[in-house]
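Remarks on the structure that follows.
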Amino acid sequence: MEHVHLAAEEDDLYSGYNDYNPTFDSEELDNDAGFQQAVRTSHGRRPPMTAKFPGTAIGGRALGTSFGSRMPMASSMGRPMTGAVQDGAARPMTAVRAAGYSSAMTRGSTFDPLGQSKGPAPPLEGKSEDTPDEKVKILEKKVNDLIEESCLAHGHGDLQLSLDRAKEAGRKERALVRQREQSGNADHINLDLTYSVLFNLATQYANNDMYAEALNTYQVIVKNKMFSNAGRLKVNMANIHFKQKNYPKAIKLYRMALDQISNSHKEMRIKIMQNIGVVFIRMGQYSDAITSFEHIMSECPNIKTGFNLILCYYAIGDRERMKKAFQKLICVPLGIDEEDKYIPPNVSTSILHPHYKALAEKFIMTSAKLIAPAIEATFAAGFDWCVDMVKSSQYVELANDLEINKAITYLRQRDFNQAVETLKTFEKKDSRVKSAAATNLSFLYFLEKDYDQADRYADLAMTADRYNPAALINKGNTVFVKKDYEKAAEFYKEALRNDSSCTEALYNLGLTYKRLGRLEESLDCFLKLHAILRNSSQVMWQLANLFEMLEDPHQAIEWLMQLITVTPTDPQVLAKLGELYDSEGDKSQAFQYYQESFRYFPSNIDVIEWLGAYYIDTQFCEKAIQYFERATLIQPTQVKWQLMVASCYRRSGNYQKALETYKDIHRKFPENVECLRFLVRLCTDMGMKEVQDYATKLKKVEKMKEIREQRVKSAREGSARGTRREGSASSASRLILCLFSDSGHSSHGTSAKGERLSAKMRALPGSNEPYEASSQRDIDASYVDPLGAPMERPKTAAKKRNEEDEFADEELGDDLLPE
């Protein structure tokens with residue numbers, strides 16, 4: 001209740017205080033004849049008045065009203081009740097007389113507590129916010145509100161706002177302390193509020209990774225002796241040092257906190273010792289970690305500590321102690337929380353604690369897989385020992401899972417036969433285990449491309465458990481490879497109905513729709529999949545490929561740009577970006593991405609060809625040489641790359657190097673007509689004597705080529721006549737099989753892109769089939785530059801060339817050689 005200080009009047013405020021009025025003497029009511037008569041009458045006749053006050057009636061009803069009803073409470077009247085009203089002045093309340101009465105009534109004043117008299121009512125006293133106590137309370141409320149806002153902001157994930165509110169709470173709390181000191185109430189400082197402010201501030205500093213500030217704030221709390229039990233906050237400080245990888249300091253603070261926590265807080269001491277053991281593991285001091293974990297397992301065993309103990313024994317290679325620790329691990333009882341103590345004993349704890357049991361099973365499975373190869377001579381023997389131990393424990397249902405995991409381990413070791421043999425032992429087990437084993441067998445046979453066996457075991461898995469999504473996916477895959485895409489889509493849809501988060505089914509369904517040509521439905525599948533797997537490169541590639549097929553290159557480019565943020569060094573993605581930008585006419589962007597693709601994978605022949613053509617277009621033949629030389633190393637049997645290198649040398653003015661290159665090509669490919677033509681023309685231009693030899697070879701090669709082509713032509717005509725006689729029996733031989741790959745982005749569009757790039761090379765200025773032999777015609781020593789027409793240069797020949805064909809019907813004579 002608020003305290004309001006009132007000033008007393010200097011006249012006799014308590015005059016008439018002890019005046020006695022016999023009207024209010026309840027002890028004399030038995031002797032009052034009028035009162036007794038009023039009580040005894042049944043018709044409520046009013047008795048004669050025994051006393052009379054101005055404006056007040058004391059009768060049967062008035063008595064009930066005055067003495068039987070309560071006065072209004074201070075809270076309901078809008079102000080605190082502080083005293084009686086006397087002559088318009090307020091005074092402190094006394095316990096002798098009823099509230100509202102004063103000695104002035106005996107001197108003619110009117111009792112009017114509700115202010116219904118004609119005279120003016122006295123003013124009500126309101127709250128005063130200017131008093132020191134009131135200011136302190138307002139500040140305390142503000143500080144508490146700020147702490148609450150800080151905690152709520154942290155709960156919503158807004159760490160910066162949480163820190164800002166914590167800092168503001170600290171400033172308000174310091175202002176509160178100053179306010180108390182100014183009012184002389186420094187002894188009444190609210191230590192709990194100060195502790196809350198500092199603790200929340202330190203916590204929010206730590207949440208925002210401001211570790212130095214957090215440690216300083218915790219230090220302020222720990223050093224203050226007025227805060228009881230502040231020593232346990234050294235655990236928080238040790239946690240910060242652990243995050244900073246300052247492990248010796250963390251160990252020291254954990255031990256200091258352990259010394260300041262009594263043995264009655266057993267659970268907290270166990271958790272601190274667990275932390276100490278983990279820090280020792282990080283430091284590589286496994287023996288010290290083992291000491292901590294063994295103490296915990298002897299005092300209060302739990303799953304996490306048992307698992308950590310096995311890891312430590314595995315690290316030091318102690319086979320026997322690994323076995324003992326595994327036996328202890330599977331014997332750890334499933335804990336019951338405090339609120340579950342009154343659960344009936346006939347209720348299974350596996351039902352009460354599914355999450356705890358799932359965690360225990362995870363640690364047991366991981367431990368078995370870890371120690372199986374180490375505790376026995378062979379992996380299989382070690383796994384069998386673990387299975388035997390589990391069968392005799394409370395986790396007996398884990399034995400089958402361990403054996404299936406044994407088969408999967410065989411699979412990882414590329415021992416397919418052992419994996420299949422292990423899984424086949426489950427064909428007579430219960431439905432759940434049988435379905436899991438058959439699913440894995442179906443997958444194994446699918447990998448080995450034994451689709452009939454894969455289909456049989458997929459059916460077996462579905463029979464054992466029709467709601468197994470993995471079994472349905474395997475069945476859909478076996479149908480998919482048989483090109484029955486409609487039926488495969490139905491199995492994938494059923495898998496999704498059983499498990500809407502099955503990403504494998506959704507991905508395969510998208511591929512199926514893509515094969516069926518239902519591109520929009522395929523696009524919907526992959527967009528849904530992208531919402532689940534935000535960083536899947538395969539999904540992004542499929543989306544880009546679908547948009548390209550839908551003739552929306554801008555969207556395809558957008559998805560590829562997202563993809564390179566996930567896999568920035570994928571050369572195929574970079575090459576595809578270059579191809580799309582090239583098709584859009586943006587040569588500079590295309591060059592950038594092709595260049596990046598070449599940098600990460602310099603063996604992609606399509607990228608090499610594009611870059612070489614780009615430099616030829618831009619008249620930088622010297623730079624194109626390195627790319628065509630690279631292509632020569634990759635495809636040494638392809639003469640076209642070596643011809644391109646020689647042409648680049650000639651175009652750049654290095655005729656000697658060009659001649660040497662052509663001669664080298666002629667040694668490797670002596671029947672190449674294009675090379676001989678270049679040699680004849682180049683030797684003629686340079687006035688070299690070898691021109692007659694090359695011209696003779698050119699004529700012979702042309703004749704040999706003519707004979708071969710004539711033979712091929714005759715064979716084709718004979719074959720066509722035979723085919724007409726046989727009818728259409730061999731029409732199936734004219735079918736062309738096209739192979740497509742949707743599972744990855746490395747093989748998509750390669751052949752088509754190669755055709756486009758080769759067409760680009762042929763489309764260069766002055767180019768006419770640069771890599772093919774000339775069509776059948778008279779021997780012609782003229783050549784067609786595969787790099788296009790060269791730039792004009794000053795004439796250097798002494799006489800005009802003879803533009804006519806001089807090598808058609810006769811060999812060159814000595815008179816045609818240069819002088």
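Residues in the structure tokens are numbered from 1 in each chain, the chains being A, B, ... in the order shown, and ligands are numbered from 1 in the order shown.
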May I have the residues within 12 Å of A:Asp582 as a list in words, using only C-alpha atoms and disregarding those fewer than 2 positions away in the same chain?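 Here the answer would be Pro553, Ile557, Ala575, Lys576, Leu577, Gly578, Glu579, Leu580, Glu584, Gly585, Asp586, Lys587, Ser588, Gln589, Ala590, Phe591, Gln592, Tyr593, Tyr594, Trp610, Leu611, Tyr614, Lys753, Arg756, Leu757 and Lys760 of chain A.
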Just C-alpha atoms for this one: save the residues we selected as a PDB file, in the first residue's frame.
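After the write, result-v8.pdb holds the following:
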```pdb
ATOM      1  CA  PRO A 553      17.423 -19.431 -72.090  1.00  0.00           C
ATOM      2  CA  ILE A 557      21.037 -18.964 -67.261  1.00  0.00           C
ATOM      3  CA  ALA A 575      30.807 -24.489 -70.449  1.00  0.00           C
ATOM      4  CA  LYS A 576      26.994 -24.661 -70.580  1.00  0.00           C
ATOM      5  CA  LEU A 577      26.801 -21.037 -69.450  1.00  0.00           C
ATOM      6  CA  GLY A 578      29.228 -20.099 -72.200  1.00  0.00           C
ATOM      7  CA  GLU A 579      27.135 -21.986 -74.742  1.00  0.00           C
ATOM      8  CA  LEU A 580      23.913 -20.238 -73.663  1.00  0.00           C
ATOM      9  CA  GLU A 584      22.208 -15.243 -77.089  1.00  0.00           C
ATOM     10  CA  GLY A 585      24.933 -13.354 -78.954  1.00  0.00           C
ATOM     11  CA  ASP A 586      26.854 -12.222 -75.865  1.00  0.00           C
ATOM     12  CA  LYS A 587      30.366 -13.187 -76.990  1.00  0.00           C
ATOM     13  CA  SER A 588      32.221 -11.503 -74.132  1.00  0.00           C
ATOM     14  CA  GLN A 589      30.262 -13.356 -71.413  1.00  0.00           C
ATOM     15  CA  ALA A 590      30.525 -16.581 -73.384  1.00  0.00           C
ATOM     16  CA  PHE A 591      34.293 -16.159 -73.638  1.00  0.00           C
ATOM     17  CA  GLN A 592      34.546 -15.539 -69.877  1.00  0.00           C
ATOM     18  CA  TYR A 593      32.739 -18.767 -68.941  1.00  0.00           C
ATOM     19  CA  TYR A 594      34.461 -20.865 -71.615  1.00  0.00           C
ATOM     20  CA  TRP A 610      35.272 -22.664 -79.293  1.00  0.00           C
ATOM     21  CA  LEU A 611      38.136 -20.705 -77.746  1.00  0.00           C
ATOM     22  CA  TYR A 614      36.981 -17.054 -80.888  1.00  0.00           C
ATOM     23  CA  LYS A 753      27.319 -28.958 -79.165  1.00  0.00           C
ATOM     24  CA  ARG A 756      27.434 -26.655 -83.627  1.00  0.00           C
ATOM     25  CA  LEU A 757      31.060 -25.783 -82.908  1.00  0.00           C
ATOM     26  CA  LYS A 760      31.057 -22.551 -86.531  1.00  0.00           C
TER      27      LYS A 760
END
```
If we count only C-alpha atoms, what is near A:Lys266 at a cut-off of 9 Å, once residues fewer than 5 positions away on the same chain are taken out, given as a ChimeraX atom specification? /A:261,271,300
Those same residues - C-alpha atoms - I'd like them written as a JSON list (two decimals), in the first residue's frame.
```json
[["chain", "number", "residue", "atom", "x", "y", "z"],
["A", 261, "ILE", "CA", 29.40, -27.20, -6.26],
["A", 271, "LYS", "CA", 27.71, -32.80, -16.53],
["A", 300, "CYS", "CA", 25.83, -42.36, -12.90]]
```
Could you tell me how far atom CA of A:Phe379 lies from atom CA of A:Lys323, in Å and to one decimal?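 The value is 14.3 Å.
Straight-line separation from atom CA of A:Ala495 to atom CA of A:Pro469: 4.5 Å.
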I'd like the contact shell of stretch 219-225 of chain A - 9 Å cut-off, only C-alpha atoms, skipping same-chain residues fewer than 4 positions apart - returned as an NGL selection string. :A and (195 or 198-199 or 214-215 or 229-234 or 237)
Restrict the selected residues to N, CA and C atoms and save them as a PDB file, in the first residue's frame.
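After the write, part_25.pdb holds the following:
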```pdb
ATOM      1  N   TYR A 195      21.847  -9.146 -10.383  1.00  0.00           N
ATOM      2  CA  TYR A 195      22.353 -10.430 -10.879  1.00  0.00           C
ATOM      3  C   TYR A 195      21.680 -10.797 -12.205  1.00  0.00           C
ATOM      4  N   LEU A 198      23.090  -8.612 -15.134  1.00  0.00           N
ATOM      5  CA  LEU A 198      24.444  -8.976 -15.533  1.00  0.00           C
ATOM      6  C   LEU A 198      24.481 -10.340 -16.211  1.00  0.00           C
ATOM      7  N   PHE A 199      23.735 -11.283 -15.658  1.00  0.00           N
ATOM      8  CA  PHE A 199      23.739 -12.633 -16.226  1.00  0.00           C
ATOM      9  C   PHE A 199      23.144 -12.629 -17.636  1.00  0.00           C
ATOM     10  N   ALA A 214      31.660 -11.005 -22.923  1.00  0.00           N
ATOM     11  CA  ALA A 214      30.929 -11.957 -22.088  1.00  0.00           C
ATOM     12  C   ALA A 214      31.772 -12.395 -20.890  1.00  0.00           C
ATOM     13  N   LEU A 215      33.052 -12.689 -21.143  1.00  0.00           N
ATOM     14  CA  LEU A 215      33.924 -13.109 -20.040  1.00  0.00           C
ATOM     15  C   LEU A 215      34.081 -11.999 -19.007  1.00  0.00           C
ATOM     16  N   ASN A 229      26.344 -18.459  -4.736  1.00  0.00           N
ATOM     17  CA  ASN A 229      26.406 -19.502  -5.782  1.00  0.00           C
ATOM     18  C   ASN A 229      26.847 -18.961  -7.138  1.00  0.00           C
ATOM     19  N   ALA A 230      27.542 -17.834  -7.154  1.00  0.00           N
ATOM     20  CA  ALA A 230      28.007 -17.292  -8.432  1.00  0.00           C
ATOM     21  C   ALA A 230      29.160 -18.112  -9.003  1.00  0.00           C
ATOM     22  N   GLY A 231      29.793 -18.933  -8.172  1.00  0.00           N
ATOM     23  CA  GLY A 231      30.931 -19.716  -8.653  1.00  0.00           C
ATOM     24  C   GLY A 231      30.578 -20.699  -9.748  1.00  0.00           C
ATOM     25  N   ARG A 232      29.307 -21.151  -9.773  1.00  0.00           N
ATOM     26  CA  ARG A 232      28.937 -22.106 -10.812  1.00  0.00           C
ATOM     27  C   ARG A 232      28.905 -21.479 -12.200  1.00  0.00           C
ATOM     28  N   LEU A 233      28.913 -20.143 -12.256  1.00  0.00           N
ATOM     29  CA  LEU A 233      28.962 -19.477 -13.562  1.00  0.00           C
ATOM     30  C   LEU A 233      30.315 -19.667 -14.237  1.00  0.00           C
ATOM     31  N   LYS A 234      31.283 -20.186 -13.515  1.00  0.00           N
ATOM     32  CA  LYS A 234      32.562 -20.494 -14.154  1.00  0.00           C
ATOM     33  C   LYS A 234      32.407 -21.588 -15.202  1.00  0.00           C
ATOM     34  N   MET A 237      31.843 -19.642 -18.279  1.00  0.00           N
ATOM     35  CA  MET A 237      33.103 -19.078 -18.732  1.00  0.00           C
ATOM     36  C   MET A 237      33.975 -20.153 -19.381  1.00  0.00           C
TER      37      MET A 237
END
```
Quick one: everything within 12 Å of A:Ser500, counting only C-alpha atoms, minus sequence neighbours fewer than 5 positions away in the same chain. Send it as a list in words. Pro469, Tyr492, Lys493, Glu494, Ala495, Ala505, Leu506, Lys528, Leu529 and Ile532 of chain A
What would the file look like if the residues just selected were written as a PDB file, in the first residue's frame with N, CA and C atoms?
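Writing done, so here's again-v8.pdb:
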```pdb
ATOM      1  N   PRO A 469       8.729 -47.010 -48.914  1.00  0.00           N
ATOM      2  CA  PRO A 469       8.978 -46.172 -50.099  1.00  0.00           C
ATOM      3  C   PRO A 469      10.218 -46.591 -50.875  1.00  0.00           C
ATOM      4  N   TYR A 492       6.527 -44.317 -58.417  1.00  0.00           N
ATOM      5  CA  TYR A 492       7.119 -43.156 -57.739  1.00  0.00           C
ATOM      6  C   TYR A 492       6.049 -42.343 -57.015  1.00  0.00           C
ATOM      7  N   LYS A 493       4.878 -42.218 -57.634  1.00  0.00           N
ATOM      8  CA  LYS A 493       3.785 -41.488 -56.985  1.00  0.00           C
ATOM      9  C   LYS A 493       3.326 -42.201 -55.717  1.00  0.00           C
ATOM     10  N   GLU A 494       3.258 -43.538 -55.759  1.00  0.00           N
ATOM     11  CA  GLU A 494       2.852 -44.284 -54.571  1.00  0.00           C
ATOM     12  C   GLU A 494       3.877 -44.126 -53.448  1.00  0.00           C
ATOM     13  N   ALA A 495       5.159 -44.123 -53.821  1.00  0.00           N
ATOM     14  CA  ALA A 495       6.199 -43.894 -52.810  1.00  0.00           C
ATOM     15  C   ALA A 495       6.027 -42.528 -52.169  1.00  0.00           C
ATOM     16  N   ALA A 505      12.176 -40.425 -54.803  1.00  0.00           N
ATOM     17  CA  ALA A 505      10.986 -40.655 -55.627  1.00  0.00           C
ATOM     18  C   ALA A 505      10.628 -39.408 -56.419  1.00  0.00           C
ATOM     19  N   LEU A 506      10.728 -38.248 -55.792  1.00  0.00           N
ATOM     20  CA  LEU A 506      10.389 -37.005 -56.482  1.00  0.00           C
ATOM     21  C   LEU A 506      11.358 -36.728 -57.619  1.00  0.00           C
ATOM     22  N   LYS A 528       9.623 -28.377 -56.672  1.00  0.00           N
ATOM     23  CA  LYS A 528       9.306 -28.855 -55.322  1.00  0.00           C
ATOM     24  C   LYS A 528      10.551 -29.435 -54.658  1.00  0.00           C
ATOM     25  N   LEU A 529      11.323 -30.169 -55.442  1.00  0.00           N
ATOM     26  CA  LEU A 529      12.538 -30.770 -54.890  1.00  0.00           C
ATOM     27  C   LEU A 529      13.539 -29.707 -54.479  1.00  0.00           C
ATOM     28  N   ILE A 532      13.001 -28.428 -51.095  1.00  0.00           N
ATOM     29  CA  ILE A 532      13.449 -29.325 -50.026  1.00  0.00           C
ATOM     30  C   ILE A 532      14.975 -29.355 -49.962  1.00  0.00           C
TER      31      ILE A 532
END
```
